[in-house]
$ cat query.pdb   # PDB, C-alpha atoms, pLDDT in the B column
ATOM      1  CA  MET A   1    -147.565-146.914 222.557  1.00 50.00           C
ATOM      2  CA  THR A   2    -146.447-143.309 222.540  1.00 60.00           C
ATOM      3  CA  ARG A   3    -149.892-142.273 223.785  1.00 57.00           C
ATOM      4  CA  THR A   4    -149.721-144.837 226.591  1.00 59.00           C
ATOM      5  CA  LEU A   5    -146.318-143.540 227.678  1.00 50.00           C
ATOM      6  CA  PHE A   6    -147.620-139.956 227.684  1.00 52.00           C
ATOM      7  CA  VAL A   7    -150.605-140.916 229.845  1.00 48.00           C
ATOM      8  CA  THR A   8    -148.333-142.784 232.278  1.00 55.00           C
ATOM      9  CA  LEU A   9    -145.988-139.816 232.650  1.00 52.00           C
ATOM     10  CA  ALA A  10    -148.955-137.494 233.179  1.00 55.00           C
ATOM     11  CA  LEU A  11    -150.308-139.729 235.945  1.00 52.00           C
ATOM     12  CA  ILE A  12    -146.900-139.850 237.656  1.00 59.00           C
ATOM     13  CA  LEU A  13    -146.593-136.057 237.515  1.00 54.00           C
ATOM     14  CA  PHE A  14    -150.123-135.627 238.856  1.00 52.00           C
ATOM     15  CA  ALA A  15    -149.373-137.979 241.758  1.00 56.00           C
ATOM     16  CA  ALA A  16    -146.206-136.027 242.599  1.00 57.00           C
ATOM     17  CA  VAL A  17    -148.124-132.740 242.640  1.00 44.00           C
ATOM     18  CA  LEU A  18    -150.759-134.206 244.961  1.00 47.00           C
ATOM     19  CA  ALA A  19    -148.040-135.476 247.320  1.00 54.00           C
ATOM     20  CA  ALA A  20    -146.378-132.045 247.441  1.00 50.00           C
ATOM     21  CA  VAL A  21    -149.684-130.312 248.166  1.00 41.00           C
ATOM     22  CA  SER A  22    -150.457-132.798 250.913  1.00 45.00           C
ATOM     23  CA  GLN A  23    -147.073-132.261 252.581  1.00 46.00           C
ATOM     24  CA  ALA A  24    -147.485-128.486 252.428  1.00 40.00           C
ATOM     25  CA  GLN A  25    -150.872-128.748 254.155  1.00 41.00           C
ATOM     26  CA  VAL A  26    -149.533-130.765 257.075  1.00 39.00           C
ATOM     27  CA  ALA A  27    -146.158-128.959 257.419  1.00 35.00           C
ATOM     28  CA  PRO A  28    -145.813-127.194 260.804  1.00 35.00           C
ATOM     29  CA  PRO A  29    -145.930-123.387 260.735  1.00 38.00           C
ATOM     30  CA  GLN A  30    -142.509-121.740 260.757  1.00 38.00           C
ATOM     31  CA  SER A  31    -141.474-118.939 263.107  1.00 44.00           C
ATOM     32  CA  SER A  32    -141.792-115.559 261.408  1.00 51.00           C
ATOM     33  CA  SER A  33    -139.232-113.887 263.677  1.00 55.00           C
ATOM     34  CA  GLY A  34    -136.195-115.085 261.745  1.00 73.00           C
ATOM     35  CA  VAL A  35    -134.234-115.024 265.020  1.00 89.00           C
ATOM     36  CA  ALA A  36    -133.002-118.524 265.756  1.00 92.00           C
ATOM     37  CA  PRO A  37    -132.262-119.844 269.253  1.00 94.00           C
ATOM     38  CA  GLY A  38    -128.585-119.364 270.023  1.00 94.00           C
ATOM     39  CA  THR A  39    -128.419-115.973 268.303  1.00 95.00           C
ATOM     40  CA  LEU A  40    -126.129-113.588 270.205  1.00 96.00           C
ATOM     41  CA  ILE A  41    -126.983-109.890 270.440  1.00 97.00           C
ATOM     42  CA  SER A  42    -124.735-107.045 271.605  1.00 97.00           C
ATOM     43  CA  ALA A  43    -126.716-104.428 273.531  1.00 97.00           C
ATOM     44  CA  GLU A  44    -126.464-101.652 276.127  1.00 97.00           C
ATOM     45  CA  LEU A  45    -128.878-100.724 278.889  1.00 98.00           C
ATOM     46  CA  SER A  46    -131.008 -97.729 277.924  1.00 97.00           C
ATOM     47  CA  LYS A  47    -131.562 -96.677 281.537  1.00 95.00           C
ATOM     48  CA  PRO A  48    -130.108 -97.642 284.931  1.00 96.00           C
ATOM     49  CA  VAL A  49    -131.226-100.600 287.016  1.00 96.00           C
ATOM     50  CA  ASP A  50    -130.860 -99.829 290.717  1.00 93.00           C
ATOM     51  CA  GLY A  51    -131.042-102.818 293.045  1.00 90.00           C
ATOM     52  CA  LYS A  52    -131.985-100.587 295.970  1.00 90.00           C
ATOM     53  CA  LYS A  53    -135.054 -99.185 294.203  1.00 92.00           C
ATOM     54  CA  ALA A  54    -135.936-101.874 291.644  1.00 94.00           C
ATOM     55  CA  LYS A  55    -139.418-103.337 291.836  1.00 95.00           C
ATOM     56  CA  VAL A  56    -140.663-106.635 290.443  1.00 96.00           C
ATOM     57  CA  GLY A  57    -142.299-105.961 287.087  1.00 96.00           C
ATOM     58  CA  GLU A  58    -140.288-102.805 286.429  1.00 97.00           C
ATOM     59  CA  LYS A  59    -139.434-102.385 282.732  1.00 97.00           C
ATOM     60  CA  VAL A  60    -135.857-103.007 281.611  1.00 98.00           C
ATOM     61  CA  GLU A  61    -134.769-101.923 278.134  1.00 98.00           C
ATOM     62  CA  ALA A  62    -131.556-102.381 276.174  1.00 98.00           C
ATOM     63  CA  LYS A  63    -130.556-101.009 272.775  1.00 97.00           C
ATOM     64  CA  VAL A  64    -128.968-103.279 270.168  1.00 97.00           C
ATOM     65  CA  VAL A  65    -125.597-101.744 269.250  1.00 96.00           C
ATOM     66  CA  GLU A  66    -124.507-104.000 266.378  1.00 95.00           C
ATOM     67  CA  ASP A  67    -126.299-105.510 263.383  1.00 96.00           C
ATOM     68  CA  VAL A  68    -126.955-109.232 263.725  1.00 95.00           C
ATOM     69  CA  VAL A  69    -126.390-111.057 260.425  1.00 93.00           C
ATOM     70  CA  SER A  70    -127.109-114.729 259.711  1.00 89.00           C
ATOM     71  CA  ASN A  71    -126.297-116.453 256.403  1.00 89.00           C
ATOM     72  CA  GLY A  72    -125.731-113.079 254.800  1.00 90.00           C
ATOM     73  CA  GLN A  73    -129.139-111.769 255.886  1.00 92.00           C
ATOM     74  CA  LEU A  74    -129.771-108.938 258.354  1.00 94.00           C
ATOM     75  CA  VAL A  75    -131.718-110.551 261.192  1.00 93.00           C
ATOM     76  CA  VAL A  76    -131.668-107.885 263.911  1.00 95.00           C
ATOM     77  CA  PRO A  77    -130.738-104.334 262.879  1.00 95.00           C
ATOM     78  CA  LYS A  78    -128.698-102.019 265.066  1.00 96.00           C
ATOM     79  CA  GLY A  79    -130.992 -99.734 267.062  1.00 96.00           C
ATOM     80  CA  SER A  80    -133.587-102.430 267.803  1.00 97.00           C
ATOM     81  CA  LYS A  81    -134.733-102.799 271.403  1.00 97.00           C
ATOM     82  CA  MET A  82    -134.587-105.725 273.799  1.00 98.00           C
ATOM     83  CA  ILE A  83    -137.388-105.265 276.313  1.00 98.00           C
ATOM     84  CA  GLY A  84    -137.850-107.097 279.588  1.00 97.00           C
ATOM     85  CA  HIS A  85    -138.634-106.650 283.241  1.00 98.00           C
ATOM     86  CA  VAL A  86    -137.304-107.116 286.745  1.00 97.00           C
ATOM     87  CA  ALA A  87    -138.290-110.616 287.861  1.00 97.00           C
ATOM     88  CA  ASP A  88    -136.795-110.395 291.352  1.00 95.00           C
ATOM     89  CA  ALA A  89    -135.085-107.720 293.438  1.00 94.00           C
ATOM     90  CA  LYS A  90    -133.226-108.182 296.727  1.00 93.00           C
ATOM     91  CA  PRO A  91    -131.657-104.978 298.089  1.00 92.00           C
ATOM     92  CA  LYS A  92    -128.904-104.871 300.673  1.00 89.00           C
ATOM     93  CA  ASN A  93    -130.314-104.704 304.201  1.00 85.00           C
ATOM     94  CA  ARG A  94    -129.573-105.699 307.791  1.00 82.00           C
ATOM     95  CA  ASP A  95    -130.009-109.361 307.002  1.00 80.00           C
ATOM     96  CA  SER A  96    -128.098-109.364 303.739  1.00 79.00           C
ATOM     97  CA  LYS A  97    -124.827-107.608 302.946  1.00 83.00           C
ATOM     98  CA  GLY A  98    -125.286-108.084 299.221  1.00 87.00           C
ATOM     99  CA  SER A  99    -128.041-107.530 296.689  1.00 93.00           C
ATOM    100  CA  ALA A 100    -129.369-109.113 293.517  1.00 95.00           C
ATOM    101  CA  VAL A 101    -131.620-108.266 290.587  1.00 97.00           C
ATOM    102  CA  GLY A 102    -133.190-110.903 288.342  1.00 97.00           C
ATOM    103  CA  ILE A 103    -133.908-109.733 284.791  1.00 98.00           C
ATOM    104  CA  VAL A 104    -135.972-111.400 282.085  1.00 98.00           C
ATOM    105  CA  PHE A 105    -135.841-110.199 278.469  1.00 98.00           C
ATOM    106  CA  ASP A 106    -138.974-111.357 276.639  1.00 97.00           C
ATOM    107  CA  THR A 107    -139.572-108.972 273.723  1.00 97.00           C
ATOM    108  CA  LEU A 108    -137.521-107.900 270.715  1.00 97.00           C
ATOM    109  CA  SER A 109    -138.758-104.697 269.079  1.00 96.00           C
ATOM    110  CA  MET A 110    -137.458-104.023 265.569  1.00 92.00           C
ATOM    111  CA  LYS A 111    -138.652-102.326 262.398  1.00 84.00           C
ATOM    112  CA  GLY A 112    -141.997-101.431 263.905  1.00 81.00           C
ATOM    113  CA  ARG A 113    -142.832-104.957 265.033  1.00 90.00           C
ATOM    114  CA  GLU A 114    -142.412-106.913 268.232  1.00 93.00           C
ATOM    115  CA  VAL A 115    -141.271-110.506 268.516  1.00 93.00           C
ATOM    116  CA  THR A 116    -141.799-112.637 271.611  1.00 95.00           C
ATOM    117  CA  ILE A 117    -138.491-114.136 272.675  1.00 95.00           C
ATOM    118  CA  GLN A 118    -136.719-115.484 275.729  1.00 96.00           C
ATOM    119  CA  ALA A 119    -133.194-114.166 276.121  1.00 97.00           C
ATOM    120  CA  SER A 120    -130.580-114.678 278.808  1.00 97.00           C
ATOM    121  CA  ILE A 121    -127.605-112.518 279.702  1.00 98.00           C
ATOM    122  CA  GLN A 122    -124.462-114.358 278.598  1.00 98.00           C
ATOM    123  CA  ALA A 123    -122.127-111.545 279.607  1.00 97.00           C
ATOM    124  CA  ILE A 124    -122.300-108.168 281.294  1.00 97.00           C
ATOM    125  CA  GLY A 125    -119.696-105.419 281.462  1.00 96.00           C
ATOM    126  CA  ALA A 126    -119.103-101.876 282.646  1.00 95.00           C
ATOM    127  CA  PRO A 127    -120.198 -99.073 280.301  1.00 94.00           C
ATOM    128  CA  GLN A 128    -117.707 -97.549 277.921  1.00 85.00           C
ATOM    129  CA  THR A 129    -117.177 -93.814 278.401  1.00 64.00           C
ATOM    130  CA  PRO A 130    -118.990 -91.538 275.913  1.00 57.00           C
ATOM    131  CA  VAL A 131    -117.059 -90.963 272.709  1.00 45.00           C
ATOM    132  CA  ASN A 132    -114.871 -87.858 272.809  1.00 44.00           C
ATOM    133  CA  TYR A 133    -114.305 -86.798 269.213  1.00 38.00           C
ATOM    134  CA  SER A 134    -111.421 -84.523 270.197  1.00 40.00           C
ATOM    135  CA  ASN A 135    -109.463 -87.650 271.165  1.00 40.00           C
ATOM    136  CA  ARG A 136    -110.002 -89.391 267.839  1.00 37.00           C
ATOM    137  CA  THR A 137    -107.222 -89.752 265.313  1.00 37.00           C
ATOM    138  CA  GLY A 138    -107.483 -90.580 261.637  1.00 36.00           C
ATOM    139  CA  PHE A 139    -111.163 -89.599 261.509  1.00 31.00           C
ATOM    140  CA  PRO A 140    -112.023 -87.744 258.269  1.00 35.00           C
ATOM    141  CA  ILE A 141    -113.118 -84.186 259.025  1.00 34.00           C
ATOM    142  CA  GLY A 142    -114.239 -82.012 256.143  1.00 36.00           C
ATOM    143  CA  ALA A 143    -111.884 -82.539 253.218  1.00 36.00           C
ATOM    144  CA  GLN A 144    -109.078 -83.877 255.400  1.00 37.00           C
ATOM    145  CA  THR A 145    -108.279 -87.550 255.243  1.00 38.00           C
ATOM    146  CA  GLY A 146    -105.496 -89.705 256.509  1.00 41.00           C
ATOM    147  CA  PRO A 147    -104.503 -93.281 257.147  1.00 39.00           C
ATOM    148  CA  PRO A 148    -106.738 -95.014 259.689  1.00 37.00           C
ATOM    149  CA  PRO A 149    -105.182 -95.788 263.060  1.00 38.00           C
ATOM    150  CA  THR A 150    -105.021 -99.288 264.469  1.00 37.00           C
ATOM    151  CA  GLY A 151    -108.570-100.541 264.936  1.00 35.00           C
ATOM    152  CA  GLY A 152    -110.118 -98.535 262.084  1.00 33.00           C
ATOM    153  CA  TRP A 153    -111.443 -95.062 261.557  1.00 31.00           C
ATOM    154  CA  GLY A 154    -112.442 -93.025 264.570  1.00 36.00           C
ATOM    155  CA  GLN A 155    -111.471 -95.396 267.338  1.00 38.00           C
ATOM    156  CA  PRO A 156    -110.899 -93.519 270.605  1.00 41.00           C
ATOM    157  CA  GLN A 157    -107.321 -93.615 271.835  1.00 41.00           C
ATOM    158  CA  ASP A 158    -108.307 -94.557 275.363  1.00 47.00           C
ATOM    159  CA  ARG A 159    -111.221 -96.963 275.758  1.00 47.00           C
ATOM    160  CA  PRO A 160    -111.223 -98.016 279.416  1.00 58.00           C
ATOM    161  CA  GLY A 161    -112.201-101.500 280.432  1.00 66.00           C
ATOM    162  CA  PRO A 162    -113.032-104.516 278.282  1.00 84.00           C
ATOM    163  CA  VAL A 163    -115.373-104.335 275.301  1.00 91.00           C
ATOM    164  CA  LEU A 164    -117.699-107.341 275.234  1.00 94.00           C
ATOM    165  CA  ASP A 165    -117.966-109.551 272.174  1.00 92.00           C
ATOM    166  CA  PRO A 166    -119.976-112.719 271.418  1.00 90.00           C
ATOM    167  CA  ALA A 167    -117.189-114.896 272.845  1.00 93.00           C
ATOM    168  CA  THR A 168    -117.418-113.192 276.251  1.00 95.00           C
ATOM    169  CA  HIS A 169    -119.064-114.957 279.191  1.00 96.00           C
ATOM    170  CA  GLY A 170    -119.730-113.781 282.744  1.00 96.00           C
ATOM    171  CA  VAL A 171    -118.845-110.396 284.220  1.00 96.00           C
ATOM    172  CA  MET A 172    -116.175-108.047 282.878  1.00 95.00           C
ATOM    173  CA  GLY A 173    -114.869-104.864 284.497  1.00 92.00           C
ATOM    174  CA  MET A 174    -117.340-104.867 287.411  1.00 93.00           C
ATOM    175  CA  ASP A 175    -115.726-105.653 290.763  1.00 91.00           C
ATOM    176  CA  GLY A 176    -117.772-107.629 293.250  1.00 91.00           C
ATOM    177  CA  VAL A 177    -120.471-108.480 290.699  1.00 95.00           C
ATOM    178  CA  SER A 178    -121.510-111.975 289.610  1.00 96.00           C
ATOM    179  CA  LEU A 179    -123.901-113.400 287.015  1.00 97.00           C
ATOM    180  CA  SER A 180    -126.073-116.496 287.335  1.00 97.00           C
ATOM    181  CA  ARG A 181    -129.358-118.004 286.168  1.00 96.00           C
ATOM    182  CA  SER A 182    -132.580-118.701 288.048  1.00 95.00           C
ATOM    183  CA  GLY A 183    -135.144-120.225 285.695  1.00 93.00           C
ATOM    184  CA  PRO A 184    -135.738-117.759 282.841  1.00 94.00           C
ATOM    185  CA  ALA A 185    -134.173-114.897 284.814  1.00 97.00           C
ATOM    186  CA  SER A 186    -130.565-113.766 284.586  1.00 98.00           C
ATOM    187  CA  VAL A 187    -129.472-112.750 288.082  1.00 97.00           C
ATOM    188  CA  VAL A 188    -126.906-109.999 288.604  1.00 97.00           C
ATOM    189  CA  SER A 189    -125.578-109.991 292.168  1.00 95.00           C
ATOM    190  CA  ALA A 190    -123.236-107.792 294.164  1.00 93.00           C
ATOM    191  CA  THR A 191    -121.414-108.443 297.425  1.00 88.00           C
ATOM    192  CA  ASP A 192    -121.310-105.844 300.199  1.00 85.00           C
ATOM    193  CA  GLN A 193    -123.240-103.303 298.130  1.00 89.00           C
ATOM    194  CA  ASN A 194    -126.474-102.582 296.329  1.00 91.00           C
ATOM    195  CA  ILE A 195    -126.234-103.647 292.728  1.00 93.00           C
ATOM    196  CA  HIS A 196    -126.372-100.697 290.339  1.00 93.00           C
ATOM    197  CA  LEU A 197    -126.239-101.042 286.570  1.00 95.00           C
ATOM    198  CA  ASP A 198    -125.641 -97.716 284.847  1.00 95.00           C
ATOM    199  CA  THR A 199    -127.017 -96.586 281.516  1.00 96.00           C
ATOM    200  CA  GLY A 200    -124.756 -98.028 278.837  1.00 96.00           C
ATOM    201  CA  THR A 201    -123.929-101.197 280.760  1.00 97.00           C
ATOM    202  CA  GLN A 202    -122.782-103.675 278.104  1.00 97.00           C
ATOM    203  CA  LEU A 203    -124.733-106.881 277.540  1.00 97.00           C
ATOM    204  CA  ILE A 204    -124.302-109.962 275.396  1.00 97.00           C
ATOM    205  CA  LEU A 205    -127.775-111.478 275.146  1.00 98.00           C
ATOM    206  CA  ARG A 206    -128.430-115.013 273.958  1.00 97.00           C
ATOM    207  CA  ILE A 207    -131.776-115.889 272.380  1.00 96.00           C
ATOM    208  CA  GLU A 208    -133.014-119.049 274.095  1.00 95.00           C
ATOM    209  CA  GLU A 209    -136.382-119.180 272.360  1.00 92.00           C
ATOM    210  CA  SER A 210    -138.142-117.203 269.627  1.00 83.00           C
ATOM    211  CA  LEU A 211    -141.858-117.436 268.833  1.00 73.00           C
TER     212      LEU A 211
END
$ encode --input "query.pdb" --output "structure tokens"
Amino acid sequence: MTRTLFVTLALILFAAVLAAVSQAQVAPPQSSSGVAPGTLISAELSKPVDGKKAKVGEKVEAKVVEDVVSNGQLVVPKGSKMIGHVADAKPKNRDSKGSAVGIVFDTLSMKGREVTIQASIQAIGAPQTPVNYSNRTGFPIGAQTGPPPTGGWGQPQDRPGPVLDPATHGVMGMDGVSLSRSGPASVVSATDQNIHLDTGTQLILRIEESL
């Protein structure tokens, strides 16, 4: 009877192994990017986008300025690049007092590899002025240390304009500028002027799709 029980258990275990192997064979392939839809990325434009001169297909690049962490794992490291292109450009002219530039971000470059993505601009804001170390307080220099000021070590005393965070939506600190969507493109528009986005323009990018 003991032998019969052993054989029965062996058959049950064998059947379970076969079922697991079968499920693994038919399971759909998983995305290797590790960047889930809905992921928010803080970035800054690496070079200006000028609505007066922009051409469809022109490269647009933004640098990731903060690590993106999910479930305790580093998903997108600071310094990665969000790469896209101008999808549409309408400069100010006789027939139109305003201008608009449509931008599509479709590539995430990180750690020597590129991931195909679709990202929209959730928020856009004026650049922050370059850091002036002479204006910093509480920053350790040489052997000198001191209590950190409000906001942590090395925060400038005068940061003009709003700093975007993942909760920000729309346009911040840019008068006469609006943000909308047109298909996969994020459209930045300006009234009574040619849209001009300087180097360092702040962006909150939302991953809509990752392949």
$ residues_near_point --input "query.pdb" --point "(-123.0, -109.9, 274.8)" --cutoff "8 Å" --atoms "only C-alpha atoms" --output "ChimeraX atom specification"
/A:40-43,121-124,164-169,202-206
$ residues_around --input "query.pdb" --residues "A:Lys47" --least-positions-apart "4" --cutoff "10 Å" --atoms "all atoms listed in the file" --output "PyMOL selection string"
chain A and resi 59-63+197-201
$ write_last_selection --input "query.pdb" --atoms "C-alpha atoms" --output "compact mmCIF listing (two decimals), in the coordinates of the input"
# COMPACT_ATOMS: atom_id res chain seq x y z
CA LYS A 59 -139.43 -102.38 282.73
CA VAL A 60 -135.86 -103.01 281.61
CA GLU A 61 -134.77 -101.92 278.13
CA ALA A 62 -131.56 -102.38 276.17
CA LYS A 63 -130.56 -101.01 272.77
CA LEU A 197 -126.24 -101.04 286.57
CA ASP A 198 -125.64 -97.72 284.85
CA THR A 199 -127.02 -96.59 281.52
CA GLY A 200 -124.76 -98.03 278.84
CA THR A 201 -123.93 -101.20 280.76
$ residues_around --input "query.pdb" --residues "A:Val86" --least-positions-apart "3" --cutoff "7 Å" --atoms "all atoms listed in the file" --output "list of chain:residue names"
A:Lys55, A:Val56, A:Gly57, A:Glu58, A:Lys59, A:Val60, A:Val101, A:Gly102, A:Ile103, A:Val104
$ resolve_selection --input "query.pdb" --expression "the PyMOL selection byres ((chain A and resi 113) around 12)" --output "list in words"
Ser32, Ser33, Val76, Ser80, Lys81, Thr107, Leu108, Ser109, Met110, Lys111, Gly112, Glu114, Val115 and Thr116 of chain A
$ closest_residue --input "query.pdb" --among "A:Val35, A:Met172, A:Arg181, A:Pro48" --to "A:Leu74" --atoms "all atoms listed in the file"
A:Val35
$ residues_around --input "query.pdb" --residues "A:Ser189" --least-positions-apart "6" --cutoff "10 Å" --atoms "all atoms listed in the file" --output "VMD selection string"
chain A and resid 51 89 to 91 98 to 102 176 to 180 195 to 196
$ atom_distance --input "query.pdb" --atom1 "atom CA of A:Met82" --atom2 "atom CA of A:Phe105"
6.6 Å
